[in-house]
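Containing TSV, C-alpha atoms and all ligand atoms: data-v4.tsv.
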```
chain	number	residue	atom	x	y	z
A	1	MET	CA	123.16	28.43	55.16
A	2	LYS	CA	123.43	32.03	56.45
A	3	THR	CA	125.28	33.48	59.41
A	4	ALA	CA	124.64	37.06	60.49
A	5	PHE	CA	126.69	39.30	62.81
A	6	LYS	CA	126.42	43.05	62.99
A	7	ASP	CA	127.80	44.32	59.64
A	8	ILE	CA	128.80	40.78	58.65
A	9	GLN	CA	126.79	38.40	56.58
A	10	ILE	CA	128.19	35.03	55.54
A	11	VAL	CA	126.49	32.74	53.05
A	12	SER	CA	127.73	29.21	52.57
A	13	ARG	CA	127.40	27.10	49.46
A	14	LEU	CA	129.43	24.25	50.94
A	15	GLY	CA	126.75	22.38	52.87
A	16	ALA	CA	126.95	19.07	54.67
A	17	ASP	CA	125.88	17.27	51.50
A	18	GLU	CA	128.90	18.67	49.65
A	19	ARG	CA	130.73	15.60	48.35
A	20	THR	CA	133.31	17.31	46.16
A	21	LEU	CA	136.29	16.02	48.11
A	22	ALA	CA	135.01	12.45	47.94
A	23	PHE	CA	134.30	12.77	44.22
A	24	ASP	CA	137.61	14.49	43.39
A	25	VAL	CA	139.59	11.91	45.33
A	26	LEU	CA	137.76	8.91	43.90
A	27	ASP	CA	138.13	10.31	40.41
A	28	GLY	CA	141.70	11.54	40.89
A	29	LEU	CA	143.15	8.41	42.52
A	30	THR	CA	141.66	5.94	40.06
A	31	ARG	CA	143.22	7.54	36.99
A	32	PRO	CA	146.42	6.17	35.42
A	33	PHE	CA	148.06	9.50	36.38
A	34	LYS	CA	146.97	10.36	39.92
A	35	GLU	CA	145.91	13.93	40.65
A	36	ILE	CA	143.87	15.81	43.30
A	37	PRO	CA	142.93	19.49	42.80
A	38	PRO	CA	144.68	22.10	44.98
A	39	LYS	CA	141.53	23.49	46.58
A	40	HIS	CA	141.76	20.54	48.99
A	41	PHE	CA	144.95	21.96	50.56
A	42	TYR	CA	143.00	24.60	52.43
A	43	ASP	CA	141.64	23.21	55.68
A	44	THR	CA	142.49	25.36	58.72
A	45	GLU	CA	146.01	23.90	58.94
A	46	GLY	CA	146.56	24.31	55.18
A	47	SER	CA	145.49	27.97	55.35
A	48	ARG	CA	147.93	28.54	58.25
A	49	LEU	CA	150.74	26.87	56.33
A	50	PHE	CA	150.00	29.03	53.29
A	51	GLU	CA	150.20	32.09	55.53
A	52	GLN	CA	153.71	30.96	56.51
A	53	ILE	CA	154.64	30.37	52.87
A	54	MET	CA	153.78	33.98	52.10
A	55	SER	CA	156.56	35.26	54.33
A	56	LEU	CA	159.24	32.75	53.33
A	57	PRO	CA	162.43	34.34	51.98
A	58	GLU	CA	162.23	32.23	48.81
A	59	TYR	CA	158.54	32.95	48.12
A	60	TYR	CA	158.75	36.28	46.31
A	61	PRO	CA	155.20	36.51	44.80
A	62	THR	CA	153.49	37.92	47.91
A	63	ARG	CA	156.09	40.66	48.45
A	64	THR	CA	156.11	41.54	44.77
A	65	GLU	CA	152.35	41.80	44.56
A	66	ARG	CA	152.24	43.88	47.73
A	67	SER	CA	154.75	46.35	46.28
A	68	ILE	CA	152.67	46.64	43.09
A	69	LEU	CA	149.55	47.36	45.11
A	70	GLU	CA	151.43	49.90	47.25
A	71	SER	CA	152.34	51.78	44.09
A	72	HIS	CA	149.00	51.62	42.31
A	73	ALA	CA	146.12	51.16	44.77
A	74	SER	CA	145.20	54.85	45.01
A	75	ALA	CA	145.21	55.38	41.25
A	76	LEU	CA	143.11	52.24	40.74
A	77	VAL	CA	140.52	53.44	43.21
A	78	GLU	CA	140.47	56.90	41.68
A	79	GLU	CA	139.95	55.43	38.23
A	80	THR	CA	137.25	52.93	39.21
A	81	GLN	CA	135.57	54.82	42.07
A	82	ALA	CA	135.10	51.34	43.56
A	83	ALA	CA	132.50	51.18	46.33
A	84	GLU	CA	132.77	47.43	46.69
A	85	LEU	CA	135.61	45.01	46.49
A	86	VAL	CA	134.90	41.39	45.65
A	87	GLU	CA	137.85	39.13	46.40
A	88	LEU	CA	138.01	35.59	45.06
A	89	GLY	CA	140.20	33.17	47.04
A	90	SER	CA	140.50	35.93	49.63
A	91	GLY	CA	142.36	33.88	52.25
A	92	VAL	CA	144.06	36.08	54.83
A	93	PRO	CA	143.47	39.47	53.21
A	94	THR	CA	146.71	41.28	54.08
A	95	LYS	CA	147.45	42.75	50.63
A	96	THR	CA	143.77	43.58	50.27
A	97	LEU	CA	144.16	46.12	53.08
A	98	LEU	CA	146.10	48.31	50.66
A	99	LEU	CA	143.07	48.47	48.35
A	100	LEU	CA	140.57	48.88	51.16
A	101	ASP	CA	142.70	51.64	52.72
A	102	ALA	CA	142.74	53.45	49.38
A	103	MET	CA	138.96	53.09	49.08
A	104	ARG	CA	138.46	54.39	52.62
A	105	ASP	CA	140.81	57.32	51.98
A	106	ALA	CA	138.92	58.17	48.78
A	107	GLY	CA	135.62	57.97	50.68
A	108	THR	CA	134.17	55.31	48.35
A	109	LEU	CA	134.38	52.19	50.57
A	110	GLU	CA	131.03	50.52	51.29
A	111	ARG	CA	131.26	46.77	51.03
A	112	TYR	CA	133.81	43.96	50.96
A	113	VAL	CA	132.81	40.59	49.49
A	114	PRO	CA	135.38	37.88	50.29
A	115	PHE	CA	134.86	34.49	48.62
A	116	ASP	CA	136.77	31.43	49.80
A	117	VAL	CA	136.44	27.69	50.44
A	118	SER	CA	137.83	28.17	53.93
A	119	GLU	CA	135.04	29.27	56.29
A	120	VAL	CA	137.34	29.72	59.30
A	121	VAL	CA	139.69	32.08	57.48
A	122	LEU	CA	136.79	33.97	55.90
A	123	LEU	CA	135.07	34.60	59.21
A	124	GLU	CA	138.32	35.67	60.92
A	125	SER	CA	139.05	38.15	58.15
A	126	ALA	CA	135.49	39.52	58.18
A	127	LYS	CA	135.74	40.25	61.91
A	128	LEU	CA	139.12	41.92	61.48
A	129	LEU	CA	137.87	44.13	58.68
A	130	VAL	CA	134.71	45.43	60.35
A	131	GLU	CA	136.94	46.58	63.21
A	132	ARG	CA	139.48	48.24	60.95
A	133	TYR	CA	136.93	49.98	58.72
A	134	PRO	CA	134.02	51.33	60.77
A	135	GLY	CA	130.86	51.37	58.64
A	136	ILE	CA	132.03	48.74	56.13
A	137	ARG	CA	129.67	45.87	55.41
A	138	VAL	CA	131.13	42.44	54.79
A	139	TYR	CA	129.22	39.90	52.70
A	140	GLY	CA	131.27	36.70	52.72
A	141	VAL	CA	130.69	33.72	50.46
A	142	VAL	CA	131.97	30.31	51.53
A	143	GLY	CA	132.08	28.42	48.27
A	144	ASP	CA	134.03	27.05	45.35
A	145	PHE	CA	134.75	29.79	42.85
A	146	GLU	CA	134.77	27.21	40.06
A	147	ARG	CA	131.10	26.41	40.71
A	148	HIS	CA	129.46	29.06	42.87
A	149	LEU	CA	130.07	32.45	41.28
A	150	ASP	CA	126.29	32.81	41.13
A	151	ALA	CA	126.40	33.21	44.93
A	152	LEU	CA	127.92	36.69	44.54
A	153	PRO	CA	125.45	39.34	45.73
A	154	GLU	CA	123.98	41.90	43.34
A	155	PRO	CA	126.38	44.84	42.97
A	156	GLU	CA	125.43	47.91	44.96
A	157	GLY	CA	127.82	50.36	43.31
A	158	PRO	CA	130.99	50.48	41.21
A	159	ARG	CA	132.60	47.08	41.70
A	160	VAL	CA	136.14	45.77	41.40
A	161	ILE	CA	136.69	42.01	41.50
A	162	VAL	CA	140.17	41.06	42.61
A	163	PHE	CA	141.81	37.69	42.21
A	164	LEU	CA	145.26	37.95	43.71
A	165	GLY	CA	148.21	35.84	44.70
A	166	GLY	CA	148.61	34.07	41.36
A	167	THR	CA	145.76	31.66	42.18
A	168	ILE	CA	144.64	31.83	38.53
A	169	GLY	CA	147.91	29.94	37.86
A	170	ASN	CA	146.56	26.95	39.80
A	171	PHE	CA	143.91	26.20	37.15
A	172	LEU	CA	144.45	23.79	34.28
A	173	PRO	CA	143.81	25.57	30.96
A	174	GLY	CA	140.30	24.20	30.30
A	175	THR	CA	139.05	24.97	33.81
A	176	ARG	CA	140.71	28.38	33.65
A	177	ARG	CA	138.84	29.24	30.47
A	178	LYS	CA	135.50	28.12	31.90
A	179	PHE	CA	136.17	30.06	35.11
A	180	LEU	CA	137.18	33.27	33.32
A	181	ARG	CA	134.18	33.06	31.01
A	182	GLY	CA	131.93	32.75	34.05
A	183	LEU	CA	133.67	35.69	35.64
A	184	ALA	CA	133.35	37.77	32.48
A	185	GLY	CA	129.62	37.05	32.63
A	186	ALA	CA	129.46	38.40	36.19
A	187	LEU	CA	131.13	41.69	35.25
A	188	ARG	CA	129.04	44.67	34.16
A	189	PRO	CA	130.68	46.96	31.57
A	190	GLN	CA	131.60	49.49	34.28
A	191	ASP	CA	133.15	46.83	36.60
A	192	ARG	CA	136.83	45.92	36.60
A	193	LEU	CA	138.83	42.75	37.27
A	194	LEU	CA	142.21	43.08	38.97
A	195	LEU	CA	144.14	39.86	38.43
A	196	GLY	CA	147.45	39.10	40.15
A	197	THR	CA	149.60	36.57	38.30
A	198	ASP	CA	153.18	35.44	38.51
A	199	LEU	CA	155.38	35.80	35.43
A	200	VAL	CA	157.77	33.43	33.65
A	201	LYS	CA	161.26	33.84	35.08
A	202	ASP	CA	164.53	32.04	35.83
A	203	PRO	CA	163.59	28.42	36.68
A	204	ALA	CA	166.09	28.43	39.58
A	205	VAL	CA	164.18	31.28	41.23
A	206	LEU	CA	160.86	29.52	40.62
A	207	GLU	CA	162.02	26.15	41.92
A	208	ALA	CA	163.51	27.73	45.04
A	209	ALA	CA	160.16	29.42	45.78
A	210	TYR	CA	158.43	26.02	45.88
A	211	ASN	CA	161.26	24.10	47.62
A	212	ASP	CA	161.94	26.36	50.60
A	213	ALA	CA	164.77	25.44	52.93
A	214	ALA	CA	162.52	25.41	56.01
A	215	GLY	CA	160.26	22.76	54.43
A	216	VAL	CA	157.03	24.74	54.85
A	217	THR	CA	155.90	24.11	51.26
A	218	ALA	CA	156.59	20.40	51.74
A	219	ALA	CA	154.41	20.43	54.88
A	220	PHE	CA	151.69	22.35	52.99
A	221	ASN	CA	151.79	19.74	50.22
A	222	ARG	CA	151.71	16.75	52.60
A	223	ASN	CA	148.87	18.36	54.54
A	224	MET	CA	146.57	17.35	51.69
A	225	LEU	CA	147.13	13.73	52.78
A	226	ALA	CA	146.21	14.71	56.35
A	227	VAL	CA	142.97	16.21	54.98
A	228	LEU	CA	142.21	12.89	53.25
A	229	ASN	CA	143.04	10.92	56.41
A	230	ARG	CA	140.65	13.03	58.47
A	231	GLU	CA	137.82	13.64	55.99
A	232	LEU	CA	137.82	10.31	54.19
A	233	ASP	CA	139.06	8.09	56.98
A	234	ALA	CA	142.20	7.24	55.01
A	235	ASP	CA	145.49	5.83	56.27
A	236	PHE	CA	148.12	7.75	54.29
A	237	ASP	CA	151.55	7.71	55.96
A	238	LEU	CA	152.65	11.33	55.47
A	239	ASP	CA	156.31	10.32	55.84
A	240	GLY	CA	155.88	7.85	53.00
A	241	PHE	CA	155.77	10.66	50.41
A	242	ASP	CA	158.37	13.19	49.25
A	243	HIS	CA	157.50	16.74	48.21
A	244	VAL	CA	158.46	17.34	44.57
A	245	ALA	CA	158.24	20.76	42.84
A	246	ARG	CA	159.69	21.10	39.33
A	247	TYR	CA	159.42	23.78	36.67
A	248	ASP	CA	157.99	22.50	33.40
A	249	ARG	CA	159.62	24.70	30.75
A	250	ASP	CA	157.30	23.56	27.96
A	251	GLU	CA	154.09	24.35	29.85
A	252	GLU	CA	155.68	27.30	31.71
A	253	ARG	CA	154.37	26.15	35.06
A	254	MET	CA	155.48	24.72	38.35
A	255	ASP	CA	154.33	21.14	38.77
A	256	ILE	CA	153.88	20.09	42.39
A	257	ARG	CA	153.59	16.46	43.42
A	258	LEU	CA	153.91	13.91	46.21
A	259	ARG	CA	156.19	11.00	45.33
A	260	SER	CA	155.68	7.64	46.98
A	261	LEU	CA	158.89	6.47	48.68
A	262	ALA	CA	157.95	2.78	48.48
A	263	ASP	CA	155.40	0.38	47.06
A	264	GLN	CA	152.41	0.98	49.28
A	265	ARG	CA	148.69	0.44	49.55
A	266	VAL	CA	146.38	3.05	51.05
A	267	ARG	CA	142.86	2.43	52.33
A	268	LEU	CA	140.28	5.25	52.13
A	269	GLU	CA	137.48	3.87	54.24
A	270	GLY	CA	135.15	6.84	53.66
A	271	ILE	CA	134.91	6.18	49.93
A	272	ASP	CA	135.54	2.45	50.13
A	273	LEU	CA	138.66	2.62	48.02
A	274	GLU	CA	142.05	0.93	48.10
A	275	VAL	CA	144.81	2.50	46.07
A	276	GLU	CA	148.27	1.23	45.24
A	277	PHE	CA	151.28	3.49	44.84
A	278	ALA	CA	154.42	2.09	43.25
A	279	ALA	CA	157.78	3.26	44.60
A	280	GLY	CA	158.56	6.54	42.79
A	281	GLU	CA	154.97	7.03	41.60
A	282	GLU	CA	153.78	10.63	41.80
A	283	LEU	CA	150.48	12.19	42.74
A	284	ARG	CA	150.02	15.71	41.35
A	285	THR	CA	148.53	18.14	43.87
A	286	GLU	CA	149.00	21.47	42.10
A	287	ILE	CA	150.24	23.34	39.08
A	288	SER	CA	151.26	26.98	39.28
A	289	THR	CA	151.32	28.56	35.86
A	290	LYS	CA	153.65	31.45	35.12
A	291	PHE	CA	152.49	33.93	32.48
A	292	THR	CA	153.85	36.31	29.90
A	293	ARG	CA	151.86	39.36	28.90
A	294	GLU	CA	151.14	37.80	25.49
A	295	ARG	CA	149.86	34.60	27.04
A	296	LEU	CA	147.64	36.47	29.45
A	297	GLU	CA	146.18	38.60	26.66
A	298	ALA	CA	145.33	35.42	24.76
A	299	VAL	CA	143.76	33.87	27.88
A	300	TYR	CA	141.69	37.03	28.38
A	301	ALA	CA	140.64	37.14	24.73
A	302	GLU	CA	139.30	33.57	24.78
A	303	ALA	CA	137.19	34.51	27.80
A	304	GLY	CA	135.86	37.68	26.18
A	305	LEU	CA	137.94	39.98	28.38
A	306	ALA	CA	140.31	42.75	27.30
A	307	MET	CA	143.32	43.96	29.23
A	308	SER	CA	143.15	47.65	30.07
A	309	GLY	CA	146.28	47.98	32.22
A	310	TRP	CA	149.44	46.09	33.17
A	311	PHE	CA	151.58	46.62	36.26
A	312	THR	CA	154.72	44.67	37.09
A	313	GLY	CA	157.02	44.61	40.11
A	314	LEU	CA	160.51	43.43	40.78
A	315	CYS	CA	160.69	39.82	41.93
A	316	VAL	CA	163.01	39.81	44.93
A	317	PRO	CA	163.59	36.46	46.60
A	318	ARG	CA	165.39	37.51	49.80
A	319	LEU	CA	167.92	34.70	49.40
A	320	PHE	CA	169.31	36.31	46.26
A	321	LEU	CA	169.86	39.79	47.71
B	1	LIG	N1	144.34	35.85	47.86
B	1	LIG	C1	145.25	35.47	48.92
B	1	LIG	C2	145.29	33.95	49.18
B	1	LIG	C3	145.81	33.11	48.05
B	1	LIG	S1	145.89	31.40	48.54
B	1	LIG	C4	146.61	35.98	48.60
B	1	LIG	O1	146.80	36.53	47.52
B	1	LIG	O2	147.50	35.88	49.42
B	1	LIG	C5	144.52	30.76	47.64
B	1	LIG	C6	143.21	30.99	48.36
B	1	LIG	O3	142.16	30.54	47.50
B	1	LIG	C7	143.07	30.23	49.66
B	1	LIG	O4	142.56	31.08	50.64
B	1	LIG	C8	142.10	29.08	49.33
B	1	LIG	O5	141.32	28.70	50.45
B	1	LIG	C9	141.29	29.69	48.21
B	1	LIG	N2	140.78	28.72	47.25
B	1	LIG	C10	141.50	27.77	46.59
B	1	LIG	N3	140.71	27.10	45.73
B	1	LIG	C11	139.46	27.65	45.86
B	1	LIG	C12	138.21	27.40	45.22
B	1	LIG	N4	138.09	26.45	44.29
B	1	LIG	N5	137.16	28.18	45.56
B	1	LIG	C13	137.28	29.16	46.51
B	1	LIG	N6	138.45	29.44	47.15
B	1	LIG	C14	139.52	28.69	46.81
B	2	LIG	C1	147.76	29.95	46.05
B	2	LIG	N1	148.74	29.72	44.98
B	2	LIG	C2	148.74	30.84	44.03
B	2	LIG	C3	150.09	29.39	45.46
B	2	LIG	C4	151.05	29.27	44.26
B	2	LIG	O1	152.13	29.86	44.33
B	2	LIG	O2	150.70	28.64	43.27
B	2	LIG	C5	150.04	28.09	46.23
B	2	LIG	C6	151.37	27.57	46.62
B	2	LIG	N2	151.76	26.32	46.46
B	2	LIG	C7	152.97	26.17	46.91
B	2	LIG	N3	153.43	27.36	47.32
B	2	LIG	C8	152.43	28.23	47.18
```

I need this file expressed as structure tokens, please.
Ligand code: SAH
Ligand code: AVI
Amino acid sequence: MKTAFKDIQIVSRLGADERTLAFDVLDGLTRPFKEIPPKHFYDTEGSRLFEQIMSLPEYYPTRTERSILESHASALVEETQAAELVELGSGVPTKTLLLLDAMRDAGTLERYVPFDVSEVVLLESAKLLVERYPGIRVYGVVGDFERHLDALPEPEGPRVIVFLGGTIGNFLPGTRRKFLRGLAGALRPQDRLLLGTDLVKDPAVLEAAYNDAAGVTAAFNRNMLAVLNRELDADFDLDGFDHVARYDRDEERMDIRLRSLADQRVRLEGIDLEVEFAAGEELRTEISTKFTRERLEAVYAEAGLAMSGWFTGLCVPRLFL
């Protein structure tokens, strides 16, 4: 499917026959340990809730990454002479503006290529960007970056691919390796990858970031059940599940789950499935891996990538100031 506006072209790889949600849910809820992948958080409501998470006092990653980009965007553009910016999991591209501003100021900016599962958010951001940067072309891809990297357009000039927000941390190790290998294959020798990851730190700071006092992360987590209710005609009682976010020190990652408050049975009409949850049973909805430089270098090496620069920022949860 293709949608064209002036200066905006959107291609979609998530057609009506896309049955990933149905498959993931059938597969994930019939395992001894229940799990559904985090890409299913991001319907319109999930994307809005994530936008709220980004400005929570406890959620330091967005502010930290923004401050890193503020310090280094100009130098990165000067070094790469980037004419096009490809952004995977682009979401609401607020931090991206720092890179696009630097490209505009250097006179190199030609094209922005956002890539996201959320069509609504992608289209909104495309419209915003063509207004902010007269002359820019936006080529958006609505797709799953685990499966549709081949939908990226041919490069038209020096290209930087950015993957920000720590989203790489949401992959399990095997999927992460496959994804990064695919990405390495899409990079020409002169292209660069700018990856934003969170780092290992005090577990109290980490756990606070995923258990905010206002309950926005809990609502974001439970929203996955609302997605299942709507898309798969399921009857999950959202109040029947607690939000649980713990730091796993051995795996160095946050582990985010929904815990059933009682013995309950859920019917998912759309996939003709009935599932039982025991009281206290947990459904994993997300992991969020925290890295060290050594670990990241090893992850890069196994994907055939080499690290050419490393920038860190101060993690400042506002609650601890
Ligand atoms: N890059 C932004 C948003 C991060 S939130 C930032 O740094 O703030 C993660 C984004 O990735 C969301 O917009 C979500 O819709 C998207 N996403 C998650 N899984 C995806 C997948 N498998 N394929 C494509 N986009 C995905
Ligand atoms: C998108 N991703 C990097 C966020 C994270 O921190 O892992 C998603 C998130 N989940 C709960 N809070 C934020």

Interface rows for segment 172-253 of chain A against segment 54-70 of chain A: nearest pair, Å to one decimal, 10 Å, all atoms listed in the file, as CSV:
```
residue,atom,partner,partner_atom,distance
A:Gly196,CA,A:Glu65,CA,7.1
A:Thr197,CA,A:Pro61,CA,8.6
A:Asp198,CA,A:Pro61,CA,6.7
A:Leu199,CA,A:Pro61,CA,9.4
A:Val205,CA,A:Glu58,CA,7.9
A:Leu206,CA,A:Tyr59,CA,8.6
A:Glu207,CA,A:Glu58,CA,9.2
A:Ala208,CA,A:Glu58,CA,6.0
A:Ala209,CA,A:Tyr59,CA,4.5
A:Tyr210,CA,A:Tyr59,CA,7.3
A:Asn211,CA,A:Glu58,CA,8.3
A:Asp212,CA,A:Glu58,CA,6.1
A:Ala213,CA,A:Glu58,CA,8.3
A:Ala214,CA,A:Leu56,CA,8.5
A:Val216,CA,A:Leu56,CA,8.4
A:Thr217,CA,A:Leu56,CA,9.5
```

Given all atoms listed in the file, how would the per-residue table for chain A near ligand LIG 1 (chain B) read, listing every residue at most 6 Å away with its closest atom pair and distance in Å to one decimal, sorted by chain and number, as a tab-separated table?
```
residue	atom	partner	partner_atom	distance
A:Lys39	CA	B:LIG1	N3	3.8
A:Tyr42	CA	B:LIG1	O5	4.9
A:Gly89	CA	B:LIG1	O3	3.3
A:Ser90	CA	B:LIG1	N1	4.2
A:Gly91	CA	B:LIG1	O4	3.2
A:Asp116	CA	B:LIG1	N6	3.7
A:Val117	CA	B:LIG1	N6	4.2
A:Ser118	CA	B:LIG1	O5	5.0
A:Gly143	CA	B:LIG1	C13	5.5
A:Asp144	CA	B:LIG1	N5	3.3
A:Phe145	CA	B:LIG1	N5	4.0
A:Glu146	CA	B:LIG1	N4	5.4
A:Leu164	CA	B:LIG1	O1	4.3
A:Gly165	CA	B:LIG1	O1	3.2
A:Thr167	CA	B:LIG1	C5	5.7
```

Just checking: using all atoms listed in the file, which residue out of A:Gly15, A:Gly46, A:Gly107, A:Gly182 ends up closest to ligand LIG 2 (chain B)?
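Checking each candidate against ligand LIG 2 (chain B), we get A:Gly46 as the closest.
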
Set the distance at 12 Å and use all atoms listed in the file: which residues neighbour Tyr112 of chain A once local chain neighbours fewer than 2 positions away are removed? I'd like the list as number ranges by chain.
A: 7-10, 82-88, 90, 93, 96-97, 99-101, 103-104, 108-110, 114-115, 122, 125-130, 133, 135-141, 152-153, 155-157, 159-162

Residue nearest Arg176 of chain A among A:Phe220, A:Thr289, A:Leu14, A:Phe236 (counting all atoms listed in the file)
A:Thr289

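With all atoms listed in the file as the atoms that count, the minimum distance from ligand LIG 2 (chain B) to the choices A:Pro32, A:Gly304, A:Gly169, A:Pro134 is reached by A:Gly169.
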
Could you work out how far atom CA of Leu26 of chain A lies from atom CA of Gly280 of chain A, giving the answer in Å with one decimal?
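Taking atom CA of Gly280 of chain A and atom CA of Leu26 of chain A, their separation equals 21.0 Å.
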
Computed interatomic separation between atom CA of Ala184 of chain A and atom CA of Gln81 of chain A (Å):
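Computing the Euclidean distance for atom CA of Ala184 of chain A and atom CA of Gln81 of chain A yields 19.7 Å.
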
Between A:Asp105, A:Asp202, A:Glu79, A:Glu297, which one has atoms that come closest to Trp310 of chain A, using only C-alpha atoms?
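Of the candidates, the smallest distance to Trp310 of chain A is held by A:Glu297.
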
With only C-alpha atoms as the counted atoms, please give the residues lying no more than 12 Å from Leu258 of chain A, apart from itself and same-chain residues fewer than 4 positions off, as a PyMOL selection string.
chain A and resi 34-36+217-225+236-246+277+279-286

Go through A:Ile287, A:Val227, A:Leu149, A:Leu268 one by one, measure the shortest atom-to-atom distance of each to ligand LIG 2 (chain B) using only C-alpha atoms and all ligand atoms, and give the residue with the smallest value.
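Among the listed residues, A:Ile287 lies closest to ligand LIG 2 (chain B).
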
Closest to Lys6 of chain A among A:Arg48, A:Tyr300, A:Glu131, A:Ala75, using only C-alpha atoms?
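Checking each candidate against Lys6 of chain A, we get A:Glu131 as the closest.
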
Coordinates-based distance that separates atom CA of Ile168 of chain A from atom C7 of ligand LIG 2 (chain B) (Å, one decimal):
13.1 Å

Residues proximal to (135.5, 0.4, 57.3) were defined as those with any atom within 12 Å of that point in the file's coordinates, counting all atoms listed in the file. Which are they, as a list in words?
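So the residues meeting the distance criterion are Leu232, Asp233, Ala234, Asp235, Arg267, Leu268, Glu269, Gly270, Ile271, Asp272, Leu273 and Glu274 of chain A.
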
Write the selection just made, keeping C-alpha atoms, as a compact mmCIF listing (two decimals), in the coordinates of the input?
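Output below, filename selection35.txt:
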```
# COMPACT_ATOMS: atom_id res chain seq x y z
CA LEU A 232 137.82 10.31 54.19
CA ASP A 233 139.06 8.09 56.98
CA ALA A 234 142.20 7.24 55.01
CA ASP A 235 145.49 5.83 56.27
CA ARG A 267 142.86 2.43 52.33
CA LEU A 268 140.28 5.25 52.13
CA GLU A 269 137.48 3.87 54.24
CA GLY A 270 135.15 6.84 53.66
CA ILE A 271 134.91 6.18 49.93
CA ASP A 272 135.54 2.45 50.13
CA LEU A 273 138.66 2.62 48.02
CA GLU A 274 142.05 0.93 48.10
```

Please, can segment 271-276 of chain A be completed to all heavy atoms and returned as a JSON list (two decimals), keeping the file's coordinate frame?
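And here's part_15.json as it stands now:
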```json
[["chain", "number", "residue", "atom", "x", "y", "z"],
["A", 271, "ILE", "N", 135.44, 6.35, 51.30],
["A", 271, "ILE", "CA", 134.91, 6.18, 49.93],
["A", 271, "ILE", "C", 135.12, 4.73, 49.45],
["A", 271, "ILE", "O", 135.06, 4.45, 48.26],
["A", 271, "ILE", "CB", 135.54, 7.19, 48.93],
["A", 271, "ILE", "CG1", 137.08, 7.20, 49.03],
["A", 271, "ILE", "CG2", 134.96, 8.58, 49.11],
["A", 271, "ILE", "CD1", 137.75, 8.03, 47.94],
["A", 272, "ASP", "N", 135.38, 3.87, 50.41],
["A", 272, "ASP", "CA", 135.54, 2.45, 50.13],
["A", 272, "ASP", "C", 136.48, 2.21, 48.95],
["A", 272, "ASP", "O", 136.13, 1.57, 47.95],
["A", 272, "ASP", "CB", 134.13, 1.85, 49.83],
["A", 272, "ASP", "CG", 134.19, 0.33, 49.84],
["A", 272, "ASP", "OD1", 135.18, -0.21, 50.37],
["A", 272, "ASP", "OD2", 133.26, -0.30, 49.28],
["A", 273, "LEU", "N", 137.70, 2.71, 49.11],
["A", 273, "LEU", "CA", 138.66, 2.62, 48.02],
["A", 273, "LEU", "C", 140.02, 2.17, 48.54],
["A", 273, "LEU", "O", 140.46, 2.64, 49.61],
["A", 273, "LEU", "CB", 138.80, 4.01, 47.36],
["A", 273, "LEU", "CG", 139.78, 4.13, 46.20],
["A", 273, "LEU", "CD1", 139.25, 3.39, 44.95],
["A", 273, "LEU", "CD2", 140.04, 5.59, 45.85],
["A", 274, "GLU", "N", 140.67, 1.29, 47.80],
["A", 274, "GLU", "CA", 142.05, 0.93, 48.10],
["A", 274, "GLU", "C", 142.90, 1.31, 46.91],
["A", 274, "GLU", "O", 142.55, 0.97, 45.77],
["A", 274, "GLU", "CB", 142.16, -0.56, 48.39],
["A", 274, "GLU", "CG", 142.66, -0.76, 49.80],
["A", 274, "GLU", "CD", 142.55, -2.17, 50.28],
["A", 274, "GLU", "OE1", 143.14, -3.05, 49.65],
["A", 274, "GLU", "OE2", 141.84, -2.37, 51.28],
["A", 275, "VAL", "N", 143.98, 2.01, 47.17],
["A", 275, "VAL", "CA", 144.81, 2.50, 46.07],
["A", 275, "VAL", "C", 146.23, 2.03, 46.26],
["A", 275, "VAL", "O", 146.76, 2.07, 47.38],
["A", 275, "VAL", "CB", 144.85, 4.05, 46.05],
["A", 275, "VAL", "CG1", 145.48, 4.55, 44.76],
["A", 275, "VAL", "CG2", 143.48, 4.64, 46.20],
["A", 276, "GLU", "N", 146.86, 1.63, 45.14],
["A", 276, "GLU", "CA", 148.27, 1.23, 45.24],
["A", 276, "GLU", "C", 149.15, 2.33, 44.67],
["A", 276, "GLU", "O", 148.80, 2.96, 43.67],
["A", 276, "GLU", "CB", 148.48, -0.04, 44.42],
["A", 276, "GLU", "CG", 147.61, -1.16, 44.92],
["A", 276, "GLU", "CD", 148.25, -2.53, 44.75],
["A", 276, "GLU", "OE1", 149.19, -2.63, 43.94],
["A", 276, "GLU", "OE2", 147.78, -3.45, 45.43]]
```
